[in-house]
$ cat query_18.cif   # mmCIF, C-alpha atoms and all ligand atoms
data_model
#
loop_
_atom_site.label_atom_id
_atom_site.label_comp_id
_atom_site.auth_asym_id
_atom_site.auth_seq_id
_atom_site.Cartn_x
_atom_site.Cartn_y
_atom_site.Cartn_z
CA ALA A 148 -0.23 9.64 0.18
CA VAL A 149 -2.32 6.53 0.40
CA LEU A 150 -3.42 5.43 -3.07
CA GLY A 151 -6.52 3.31 -2.66
CA THR A 152 -9.92 3.77 -1.06
CA GLY A 153 -10.62 0.16 -0.11
CA SER A 154 -10.39 -1.28 3.39
CA VAL A 155 -6.58 -1.16 3.30
CA GLY A 156 -6.36 2.42 2.05
CA THR A 157 -8.86 3.78 4.55
CA THR A 158 -7.38 1.78 7.45
CA LEU A 159 -3.87 3.02 6.69
CA ALA A 160 -5.02 6.59 6.07
CA ALA A 161 -6.89 6.64 9.39
CA GLY A 162 -3.92 5.18 11.26
CA PHE A 163 -1.38 7.55 9.73
CA ALA A 164 -3.63 10.55 10.37
CA ALA A 165 -4.24 9.50 13.99
CA ALA A 166 -0.46 9.35 14.45
CA GLY A 167 -0.15 12.94 13.25
CA HIS A 168 0.85 12.43 9.62
CA ASP A 169 -0.57 14.69 6.94
CA VAL A 170 -2.53 12.26 4.75
CA HIS A 171 -3.79 12.62 1.18
CA LEU A 172 -5.98 9.74 0.04
CA GLY A 173 -5.87 8.99 -3.70
CA THR A 174 -8.61 7.64 -5.94
CA ARG A 175 -9.33 7.57 -9.71
CA ASP A 176 -12.07 10.18 -9.67
CA PRO A 177 -12.91 11.86 -6.34
CA ASP A 178 -16.41 12.94 -7.44
CA SER A 179 -17.53 9.46 -8.46
CA THR A 180 -15.87 7.93 -5.39
CA LEU A 181 -17.80 10.34 -3.16
CA ALA A 182 -21.03 9.56 -5.03
CA ARG A 183 -20.82 5.82 -4.25
CA PRO A 184 -23.30 4.66 -1.61
CA GLU A 185 -20.95 1.95 -0.34
CA PRO A 186 -18.50 2.45 1.17
CA ASP A 187 -19.65 5.91 2.20
CA LEU A 188 -16.39 7.79 1.85
CA ARG A 189 -18.11 11.13 2.43
CA ALA A 190 -19.08 10.01 5.94
CA TRP A 191 -15.63 8.49 6.45
CA LEU A 192 -13.96 11.80 5.53
CA GLN A 193 -16.18 13.63 8.00
CA GLN A 194 -14.92 11.30 10.71
CA HIS A 195 -11.31 11.77 9.58
CA GLN A 196 -11.12 15.52 9.15
CA GLY A 197 -7.37 15.62 8.64
CA VAL A 198 -7.47 13.40 5.54
CA ARG A 199 -7.82 15.02 2.11
CA LEU A 200 -9.20 13.20 -0.92
CA GLY A 201 -7.75 13.75 -4.39
CA THR A 202 -6.83 12.00 -7.59
CA PHE A 203 -3.98 9.51 -7.55
CA ALA A 204 -1.79 12.21 -9.12
CA GLN A 205 -2.79 14.93 -6.65
CA ALA A 206 -2.17 12.64 -3.70
CA ALA A 207 1.19 11.37 -4.96
CA GLY A 208 2.34 14.79 -6.07
CA SER A 209 1.69 16.39 -2.68
CA SER A 210 3.39 13.73 -0.55
CA GLU A 211 6.81 12.59 0.63
CA VAL A 212 5.93 8.92 0.99
CA VAL A 213 3.37 7.08 -1.13
CA VAL A 214 1.55 3.85 -0.30
CA ASN A 215 0.14 1.68 -3.08
CA ALA A 216 -3.04 0.18 -1.64
CA THR A 217 -4.83 -0.43 -4.92
CA ALA A 218 -6.18 -3.69 -6.32
CA GLY A 219 -3.14 -5.65 -7.50
CA GLU A 220 -4.43 -6.23 -11.03
CA SER A 221 -4.91 -2.45 -11.41
CA SER A 222 -1.87 -1.23 -9.49
CA LEU A 223 0.24 -0.52 -12.59
CA GLN A 224 -2.61 1.50 -14.09
CA ALA A 225 -3.18 3.37 -10.83
CA LEU A 226 0.52 4.19 -10.51
CA GLN A 227 0.71 5.34 -14.13
CA ALA A 228 -2.20 7.64 -13.31
CA ALA A 229 -0.34 8.84 -10.22
CA GLY A 230 2.45 9.83 -12.58
CA ALA A 231 6.07 8.73 -12.72
CA ASP A 232 7.21 12.31 -12.07
CA ASN A 233 5.10 12.47 -8.89
CA LEU A 234 6.72 9.24 -7.67
CA ALA A 235 10.33 9.91 -8.70
CA GLY A 236 12.75 9.72 -5.78
CA LYS A 237 9.97 8.90 -3.31
CA VAL A 238 9.55 5.90 -1.09
CA LEU A 239 6.72 3.85 -2.60
CA ILE A 240 5.38 1.39 -0.03
CA ASP A 241 3.68 -1.41 -1.93
CA VAL A 242 1.14 -3.39 0.08
CA ALA A 243 -0.75 -4.80 -2.92
CA ASN A 244 -1.04 -8.47 -3.74
CA PRO A 245 -1.29 -9.88 -7.29
CA LEU A 246 -4.64 -11.55 -6.72
CA ASP A 247 -6.67 -12.88 -9.64
CA PHE A 248 -10.32 -13.46 -8.72
CA SER A 249 -11.39 -14.27 -12.30
CA GLU A 250 -12.00 -17.91 -11.39
CA GLY A 251 -13.59 -17.20 -8.03
CA PHE A 252 -12.39 -17.73 -4.51
CA PRO A 253 -9.75 -18.46 -3.35
CA PRO A 254 -7.93 -16.24 -5.82
CA ARG A 255 -4.88 -17.25 -7.82
CA LEU A 256 -1.76 -15.13 -8.26
CA PHE A 257 -1.42 -13.51 -11.67
CA VAL A 258 2.36 -13.37 -11.25
CA GLN A 259 4.52 -15.68 -9.14
CA GLY A 260 7.72 -17.67 -8.93
CA THR A 261 9.98 -15.83 -11.34
CA ASP A 262 8.52 -12.34 -11.00
CA SER A 263 6.29 -10.35 -8.66
CA LEU A 264 4.00 -7.35 -8.62
CA GLY A 265 6.60 -5.48 -6.56
CA GLU A 266 9.19 -6.03 -9.30
CA GLN A 267 6.71 -5.06 -12.03
CA ILE A 268 6.05 -1.81 -10.19
CA GLN A 269 9.78 -1.13 -9.69
CA ARG A 270 10.43 -1.78 -13.42
CA ALA A 271 7.49 0.39 -14.47
CA ILE A 272 8.61 3.32 -12.31
CA PRO A 273 12.40 2.96 -11.98
CA ALA A 274 12.84 6.30 -10.20
CA ALA A 275 10.50 5.29 -7.36
CA ARG A 276 12.06 3.61 -4.34
CA VAL A 277 9.74 0.62 -3.98
CA VAL A 278 9.49 -1.20 -0.66
CA LYS A 279 7.17 -4.18 -0.51
CA THR A 280 5.82 -4.66 2.98
CA TRP A 281 2.68 -5.22 5.07
CA ASN A 282 1.13 -7.31 2.27
CA THR A 283 1.32 -10.55 4.30
CA MET A 284 -1.27 -9.53 6.90
CA ASN A 285 -4.78 -8.23 7.32
CA ALA A 286 -5.12 -4.46 7.03
CA GLY A 287 -6.18 -4.19 10.67
CA LEU A 288 -2.74 -5.35 11.80
CA MET A 289 -0.56 -3.19 9.58
CA LEU A 290 -0.45 -0.24 11.94
CA ALA A 291 -1.48 -2.15 15.06
CA PRO A 292 0.73 -5.23 15.56
CA ASP A 293 -0.17 -5.28 19.26
CA ARG A 294 -3.67 -6.49 18.34
CA LEU A 295 -2.20 -10.01 18.13
CA ASP A 296 -1.73 -12.15 21.25
CA ALA A 297 1.84 -13.00 20.26
CA PRO A 298 4.49 -11.00 18.44
CA THR A 299 4.76 -11.52 14.71
CA ALA A 300 7.03 -10.34 11.92
CA VAL A 301 6.73 -7.96 9.01
CA PHE A 302 8.93 -8.30 5.93
CA LEU A 303 10.70 -5.71 3.80
CA SER A 304 11.73 -6.20 0.16
CA GLY A 305 13.40 -3.47 -1.84
CA ASP A 306 16.57 -2.40 -3.63
CA ASP A 307 17.04 0.92 -1.81
CA MET A 308 18.51 0.51 1.68
CA ARG A 309 17.67 4.06 2.77
CA ALA A 310 14.08 3.62 1.67
CA LYS A 311 13.86 0.42 3.72
CA GLU A 312 15.33 2.24 6.74
CA GLN A 313 12.68 4.95 6.38
CA VAL A 314 9.92 2.34 6.23
CA ARG A 315 11.43 0.50 9.19
CA ASP A 316 11.39 3.74 11.24
CA LEU A 317 7.75 4.25 10.32
CA GLN A 318 6.93 0.69 11.35
CA VAL A 319 8.80 1.04 14.65
CA SER A 320 6.69 4.13 15.34
CA PHE A 321 3.60 1.93 15.09
CA GLY A 322 4.98 -0.72 17.45
CA TRP A 323 6.63 -3.17 15.06
CA ARG A 324 9.66 -4.92 16.55
CA GLN A 325 10.31 -7.94 14.29
CA ILE A 326 11.07 -6.26 11.00
CA ILE A 327 12.83 -8.67 8.67
CA ASP A 328 14.71 -7.34 5.64
CA LEU A 329 14.40 -10.12 3.07
CA GLY A 330 16.68 -8.39 0.55
CA GLY A 331 16.11 -6.86 -2.88
CA ILE A 332 12.76 -6.30 -4.54
CA GLU A 333 12.88 -9.80 -6.06
CA THR A 334 12.24 -11.18 -2.57
CA ALA A 335 8.71 -9.74 -2.93
CA ARG A 336 8.02 -13.01 -4.83
CA ALA A 337 8.11 -14.92 -1.56
CA ALA A 338 6.18 -12.34 0.43
CA GLU A 339 3.45 -12.13 -2.21
CA MET A 340 3.17 -15.93 -2.44
CA LEU A 341 3.00 -16.10 1.37
P1 LIG A 401 -9.21 -3.28 -3.45
O1 LIG A 401 -10.67 -3.43 -3.62
O2 LIG A 401 -8.35 -4.44 -3.78
O3 LIG A 401 -8.69 -2.01 -4.30
C1 LIG A 401 -9.38 -0.81 -4.23
C2 LIG A 401 -8.60 0.27 -4.92
O4 LIG A 401 -8.15 -0.16 -6.21
C3 LIG A 401 -9.46 1.50 -5.11
O5 LIG A 401 -8.79 2.65 -4.68
C4 LIG A 401 -9.68 1.54 -6.61
O6 LIG A 401 -9.73 2.86 -7.11
C5 LIG A 401 -8.44 0.88 -7.14
N1 LIG A 401 -8.72 0.34 -8.47
C6 LIG A 401 -9.58 -0.67 -8.79
N2 LIG A 401 -9.63 -0.84 -10.11
C7 LIG A 401 -8.82 0.11 -10.66
C8 LIG A 401 -8.46 0.46 -11.99
N3 LIG A 401 -8.94 -0.19 -13.04
N4 LIG A 401 -7.56 1.46 -12.16
C9 LIG A 401 -7.04 2.13 -11.10
N5 LIG A 401 -7.36 1.86 -9.82
C10 LIG A 401 -8.23 0.86 -9.60
O7 LIG A 401 -8.94 -2.75 -1.97
P2 LIG A 401 -8.38 -3.42 -0.64
O8 LIG A 401 -9.16 -4.63 -0.28
O9 LIG A 401 -8.29 -2.29 0.31
O10 LIG A 401 -6.91 -3.95 -1.03
C11 LIG A 401 -5.92 -3.07 -1.49
C12 LIG A 401 -4.66 -3.85 -1.82
O11 LIG A 401 -4.09 -4.37 -0.61
C13 LIG A 401 -4.89 -5.06 -2.72
O12 LIG A 401 -3.82 -5.15 -3.63
C14 LIG A 401 -4.88 -6.24 -1.75
O13 LIG A 401 -4.46 -7.45 -2.37
C15 LIG A 401 -3.85 -5.77 -0.73
N6 LIG A 401 -3.96 -6.35 0.62
C16 LIG A 401 -5.19 -6.38 1.23
C17 LIG A 401 -5.28 -6.82 2.55
C18 LIG A 401 -6.59 -6.75 3.31
O14 LIG A 401 -6.61 -6.92 4.53
N7 LIG A 401 -7.69 -6.48 2.63
C19 LIG A 401 -4.15 -7.29 3.21
C20 LIG A 401 -2.91 -7.26 2.54
C21 LIG A 401 -2.83 -6.77 1.24
P3 LIG A 401 -10.96 3.85 -6.77
O15 LIG A 401 -10.61 4.45 -5.44
O16 LIG A 401 -10.93 4.82 -7.86
O17 LIG A 401 -12.19 3.00 -6.74
#

$ encode --input "query_18.cif" --output "structure tokens" --more "lines below"
Ligand code: NAP
Amino acid sequence: AVLGTGSVGTTLAAGFAAAGHDVHLGTRDPDSTLARPEPDLRAWLQQHQGVRLGTFAQAAGSSEVVVNATAGESSLQALQAAGADNLAGKVLIDVANPLDFSEGFPPRLFVQGTDSLGEQIQRAIPAARVVKTWNTMNAGLMLAPDRLDAPTAVFLSGDDMRAKEQVRDLQVSFGWRQIIDLGGIETARAAEML
């Protein structure tokens, strides 16, 4: 499941589907999302026939691994809508950043230093196996590290070693080689601030 229909959600959904994964894209309300003129998700779905669109709960409930690609300030709401039961025991890859655009650009962070969005998500849904990763780069690189001229690194933060191994395997399958395990979910503070 990829929760989020922005540029990150659609880029990840397209990349996972192209690699042969069964992808369910999650949104608040599929009908109103499809009715939006921009971005034209109806056209996007026609180009990505393997991807299904559903509510956050439908997407999370039908999937083995869930990606949070929602706006950081709304991620807790989106994940509550996805449902704690639908996320229990699952790897929850969190790519969101705690960006606050209320005072314009560049954004500030609405949590930093002594806490992080990754930790807030892990506390809100204790049965999910949260792995913060991919948040330090543009969406276009997340599943295509070879687009850069020189190798770069991706970071992992999370309390569940097996979940991090699963995410690492997924990243290796997309060409990642420098995968740096920073430690527990509290290390998401550094990755989010970066
Ligand atoms: P975005 O515009 O930040 O978020 C879009 C998603 O957030 C949509 O799916 C939307 O739901 C959901 N959302 C917005 N308000 C909501 C609310 N009140 N309740 C529930 N859900 C809500 O999209 P993005 O630019 O693709 O970024 C996604 C995340 O990735 C962000 O946290 C961003 O900081 C992070 N990130 C982005 C990049 C990048 O290259 N852009 C790189 C690294 C990390 P609907 O589908 O229902 O509209």

$ closest_residue --input "query_18.cif" --among "A:Glu333, A:Glu312, A:Asp232, A:Asp241" --to "ligand LIG 401 (chain A)" --atoms "only C-alpha atoms and all ligand atoms"
A:Asp241

$ closest_residue --input "query_18.cif" --among "A:Leu188, A:Glu339, A:Gly197, A:Val319" --to "Met289 of chain A" --atoms "all atoms listed in the file"
A:Val319

$ residues_near_ligand --input "query_18.cif" --ligand "ligand LIG 401 (chain A)" --cutoff "9 Å" --atoms "all atoms listed in the file" --output "PyMOL selection string"
chain A and resi 150-158+172-177+179-180+202-203+215-228+241-246+281-289+339

$ residues_around --input "query_18.cif" --residues "segment 320-332 of chain A" --least-positions-apart "3" --cutoff "10 Å" --atoms "only C-alpha atoms" --output "number ranges by chain"
A: 162-163, 166, 262-269, 276-280, 289-293, 298-308, 311-312, 314-317, 335-338

$ atom_distance --input "query_18.cif" --atom1 "atom CA of Asn233 of chain A" --atom2 "atom CA of Ala204 of chain A"
6.9 Å

$ atom_distance --input "query_18.cif" --atom1 "atom CA of Leu192 of chain A" --atom2 "atom CA of Glu211 of chain A"
21.4 Å

$ residues_near_point --input "query_18.cif" --point "(-7.1, 14.6, 0.6)" --cutoff "6 Å" --atoms "only C-alpha atoms" --output "PyMOL selection string"
chain A and resi 171-172+198-201

$ atom_distance --input "query_18.cif" --atom1 "atom CA of Leu239 of chain A" --atom2 "atom CA of Ala310 of chain A"
8.5 Å

$ closest_residue --input "query_18.cif" --among "A:Asp296, A:Thr334, A:Ala207, A:Thr261" --to "Leu234 of chain A" --atoms "all atoms listed in the file"
A:Ala207

$ axis_aligned_box --input "query_18.cif" --around "segment 244-248 of chain A" --padding-each-side "6 Å" --output "AutoDock Vina command-line options"
--center_x -5.7 --center_y -11.0 --center_z -6.7 --size_x 21.3 --size_y 17.0 --size_z 17.9

$ build_atoms --input "query_18.cif" --residues "segment 185-196 of chain A" --atoms "all heavy atoms" --output "PDB file, in the frame of the given file"
ATOM      1  N   GLU A 185     -21.751   2.855  -1.191  1.00  0.00           N
ATOM      2  CA  GLU A 185     -20.950   1.950  -0.340  1.00  0.00           C
ATOM      3  C   GLU A 185     -19.565   1.762  -0.924  1.00  0.00           C
ATOM      4  O   GLU A 185     -19.454   1.460  -2.121  1.00  0.00           O
ATOM      5  CB  GLU A 185     -21.623   0.567  -0.268  1.00  0.00           C
ATOM      6  CG  GLU A 185     -22.791   0.474   0.680  1.00  0.00           C
ATOM      7  CD  GLU A 185     -22.413   0.651   2.137  1.00  0.00           C
ATOM      8  OE1 GLU A 185     -21.307   0.209   2.533  1.00  0.00           O
ATOM      9  OE2 GLU A 185     -23.195   1.251   2.868  1.00  0.00           O
ATOM     10  N   PRO A 186     -18.511   1.879  -0.179  1.00  0.00           N
ATOM     11  CA  PRO A 186     -18.500   2.450   1.170  1.00  0.00           C
ATOM     12  C   PRO A 186     -18.733   3.955   1.101  1.00  0.00           C
ATOM     13  O   PRO A 186     -18.405   4.581   0.096  1.00  0.00           O
ATOM     14  CB  PRO A 186     -17.088   2.135   1.661  1.00  0.00           C
ATOM     15  CG  PRO A 186     -16.264   2.035   0.418  1.00  0.00           C
ATOM     16  CD  PRO A 186     -17.157   1.541  -0.673  1.00  0.00           C
ATOM     17  N   ASP A 187     -19.297   4.488   2.158  1.00  0.00           N
ATOM     18  CA  ASP A 187     -19.650   5.910   2.200  1.00  0.00           C
ATOM     19  C   ASP A 187     -18.417   6.724   2.598  1.00  0.00           C
ATOM     20  O   ASP A 187     -18.178   6.985   3.771  1.00  0.00           O
ATOM     21  CB  ASP A 187     -20.794   6.104   3.204  1.00  0.00           C
ATOM     22  CG  ASP A 187     -21.302   7.549   3.188  1.00  0.00           C
ATOM     23  OD1 ASP A 187     -20.629   8.423   2.595  1.00  0.00           O
ATOM     24  OD2 ASP A 187     -22.365   7.774   3.778  1.00  0.00           O
ATOM     25  N   LEU A 188     -17.651   7.086   1.574  1.00  0.00           N
ATOM     26  CA  LEU A 188     -16.390   7.790   1.850  1.00  0.00           C
ATOM     27  C   LEU A 188     -16.635   9.213   2.343  1.00  0.00           C
ATOM     28  O   LEU A 188     -15.811   9.770   3.073  1.00  0.00           O
ATOM     29  CB  LEU A 188     -15.508   7.798   0.598  1.00  0.00           C
ATOM     30  CG  LEU A 188     -14.018   7.868   0.888  1.00  0.00           C
ATOM     31  CD1 LEU A 188     -13.527   6.641   1.632  1.00  0.00           C
ATOM     32  CD2 LEU A 188     -13.216   8.038  -0.398  1.00  0.00           C
ATOM     33  N   ARG A 189     -17.774   9.777   1.956  1.00  0.00           N
ATOM     34  CA  ARG A 189     -18.110  11.130   2.430  1.00  0.00           C
ATOM     35  C   ARG A 189     -18.228  11.119   3.962  1.00  0.00           C
ATOM     36  O   ARG A 189     -17.644  11.959   4.648  1.00  0.00           O
ATOM     37  CB  ARG A 189     -19.431  11.570   1.793  1.00  0.00           C
ATOM     38  CG  ARG A 189     -19.674  13.046   1.796  1.00  0.00           C
ATOM     39  CD  ARG A 189     -20.975  13.354   1.065  1.00  0.00           C
ATOM     40  NE  ARG A 189     -20.852  13.270  -0.380  1.00  0.00           N
ATOM     41  CZ  ARG A 189     -20.357  14.233  -1.156  1.00  0.00           C
ATOM     42  NH1 ARG A 189     -19.943  15.361  -0.608  1.00  0.00           N
ATOM     43  NH2 ARG A 189     -20.274  14.090  -2.461  1.00  0.00           N
ATOM     44  N   ALA A 190     -18.943  10.127   4.482  1.00  0.00           N
ATOM     45  CA  ALA A 190     -19.080  10.010   5.940  1.00  0.00           C
ATOM     46  C   ALA A 190     -17.735   9.710   6.584  1.00  0.00           C
ATOM     47  O   ALA A 190     -17.389  10.256   7.637  1.00  0.00           O
ATOM     48  CB  ALA A 190     -20.090   8.907   6.277  1.00  0.00           C
ATOM     49  N   TRP A 191     -16.961   8.844   5.916  1.00  0.00           N
ATOM     50  CA  TRP A 191     -15.630   8.490   6.450  1.00  0.00           C
ATOM     51  C   TRP A 191     -14.750   9.734   6.542  1.00  0.00           C
ATOM     52  O   TRP A 191     -14.054   9.941   7.547  1.00  0.00           O
ATOM     53  CB  TRP A 191     -14.996   7.420   5.542  1.00  0.00           C
ATOM     54  CG  TRP A 191     -13.697   6.881   6.062  1.00  0.00           C
ATOM     55  CD1 TRP A 191     -13.512   5.780   6.843  1.00  0.00           C
ATOM     56  CD2 TRP A 191     -12.395   7.432   5.837  1.00  0.00           C
ATOM     57  NE1 TRP A 191     -12.174   5.609   7.125  1.00  0.00           N
ATOM     58  CE2 TRP A 191     -11.464   6.612   6.519  1.00  0.00           C
ATOM     59  CE3 TRP A 191     -11.904   8.537   5.140  1.00  0.00           C
ATOM     60  CZ2 TRP A 191     -10.085   6.850   6.519  1.00  0.00           C
ATOM     61  CZ3 TRP A 191     -10.535   8.790   5.137  1.00  0.00           C
ATOM     62  CH2 TRP A 191      -9.648   7.949   5.816  1.00  0.00           C
ATOM     63  N   LEU A 192     -14.795  10.580   5.514  1.00  0.00           N
ATOM     64  CA  LEU A 192     -13.960  11.800   5.530  1.00  0.00           C
ATOM     65  C   LEU A 192     -14.400  12.755   6.626  1.00  0.00           C
ATOM     66  O   LEU A 192     -13.580  13.461   7.222  1.00  0.00           O
ATOM     67  CB  LEU A 192     -14.003  12.482   4.161  1.00  0.00           C
ATOM     68  CG  LEU A 192     -13.194  11.795   3.062  1.00  0.00           C
ATOM     69  CD1 LEU A 192     -13.571  12.338   1.689  1.00  0.00           C
ATOM     70  CD2 LEU A 192     -11.690  11.947   3.297  1.00  0.00           C
ATOM     71  N   GLN A 193     -15.702  12.768   6.904  1.00  0.00           N
ATOM     72  CA  GLN A 193     -16.180  13.630   8.000  1.00  0.00           C
ATOM     73  C   GLN A 193     -15.640  13.162   9.341  1.00  0.00           C
ATOM     74  O   GLN A 193     -15.372  13.959  10.234  1.00  0.00           O
ATOM     75  CB  GLN A 193     -17.713  13.658   8.015  1.00  0.00           C
ATOM     76  CG  GLN A 193     -18.252  14.719   7.058  1.00  0.00           C
ATOM     77  CD  GLN A 193     -19.734  14.557   6.748  1.00  0.00           C
ATOM     78  OE1 GLN A 193     -20.402  13.707   7.341  1.00  0.00           O
ATOM     79  NE2 GLN A 193     -20.226  15.351   5.819  1.00  0.00           N
ATOM     80  N   GLN A 194     -15.462  11.843   9.449  1.00  0.00           N
ATOM     81  CA  GLN A 194     -14.920  11.300  10.710  1.00  0.00           C
ATOM     82  C   GLN A 194     -13.395  11.419  10.777  1.00  0.00           C
ATOM     83  O   GLN A 194     -12.812  11.230  11.835  1.00  0.00           O
ATOM     84  CB  GLN A 194     -15.298   9.810  10.844  1.00  0.00           C
ATOM     85  CG  GLN A 194     -16.766   9.589  11.130  1.00  0.00           C
ATOM     86  CD  GLN A 194     -17.193   8.172  10.749  1.00  0.00           C
ATOM     87  OE1 GLN A 194     -16.369   7.306  10.474  1.00  0.00           O
ATOM     88  NE2 GLN A 194     -18.490   7.944  10.725  1.00  0.00           N
ATOM     89  N   HIS A 195     -12.775  11.668   9.638  1.00  0.00           N
ATOM     90  CA  HIS A 195     -11.310  11.770   9.580  1.00  0.00           C
ATOM     91  C   HIS A 195     -10.950  13.093   8.932  1.00  0.00           C
ATOM     92  O   HIS A 195     -10.501  13.154   7.787  1.00  0.00           O
ATOM     93  CB  HIS A 195     -10.719  10.580   8.808  1.00  0.00           C
ATOM     94  CG  HIS A 195     -11.045   9.260   9.419  1.00  0.00           C
ATOM     95  ND1 HIS A 195     -12.193   8.563   9.136  1.00  0.00           N
ATOM     96  CD2 HIS A 195     -10.378   8.512  10.333  1.00  0.00           C
ATOM     97  CE1 HIS A 195     -12.220   7.445   9.844  1.00  0.00           C
ATOM     98  NE2 HIS A 195     -11.131   7.388  10.580  1.00  0.00           N
ATOM     99  N   GLN A 196     -11.189  14.156   9.699  1.00  0.00           N
ATOM    100  CA  GLN A 196     -11.120  15.520   9.150  1.00  0.00           C
ATOM    101  C   GLN A 196      -9.751  15.881   8.583  1.00  0.00           C
ATOM    102  O   GLN A 196      -9.654  16.697   7.690  1.00  0.00           O
ATOM    103  CB  GLN A 196     -11.499  16.528  10.254  1.00  0.00           C
ATOM    104  CG  GLN A 196     -12.936  16.415  10.734  1.00  0.00           C
ATOM    105  CD  GLN A 196     -13.902  17.200   9.866  1.00  0.00           C
ATOM    106  OE1 GLN A 196     -13.495  18.091   9.144  1.00  0.00           O
ATOM    107  NE2 GLN A 196     -15.190  16.852   9.922  1.00  0.00           N
TER     108      GLN A 196
END
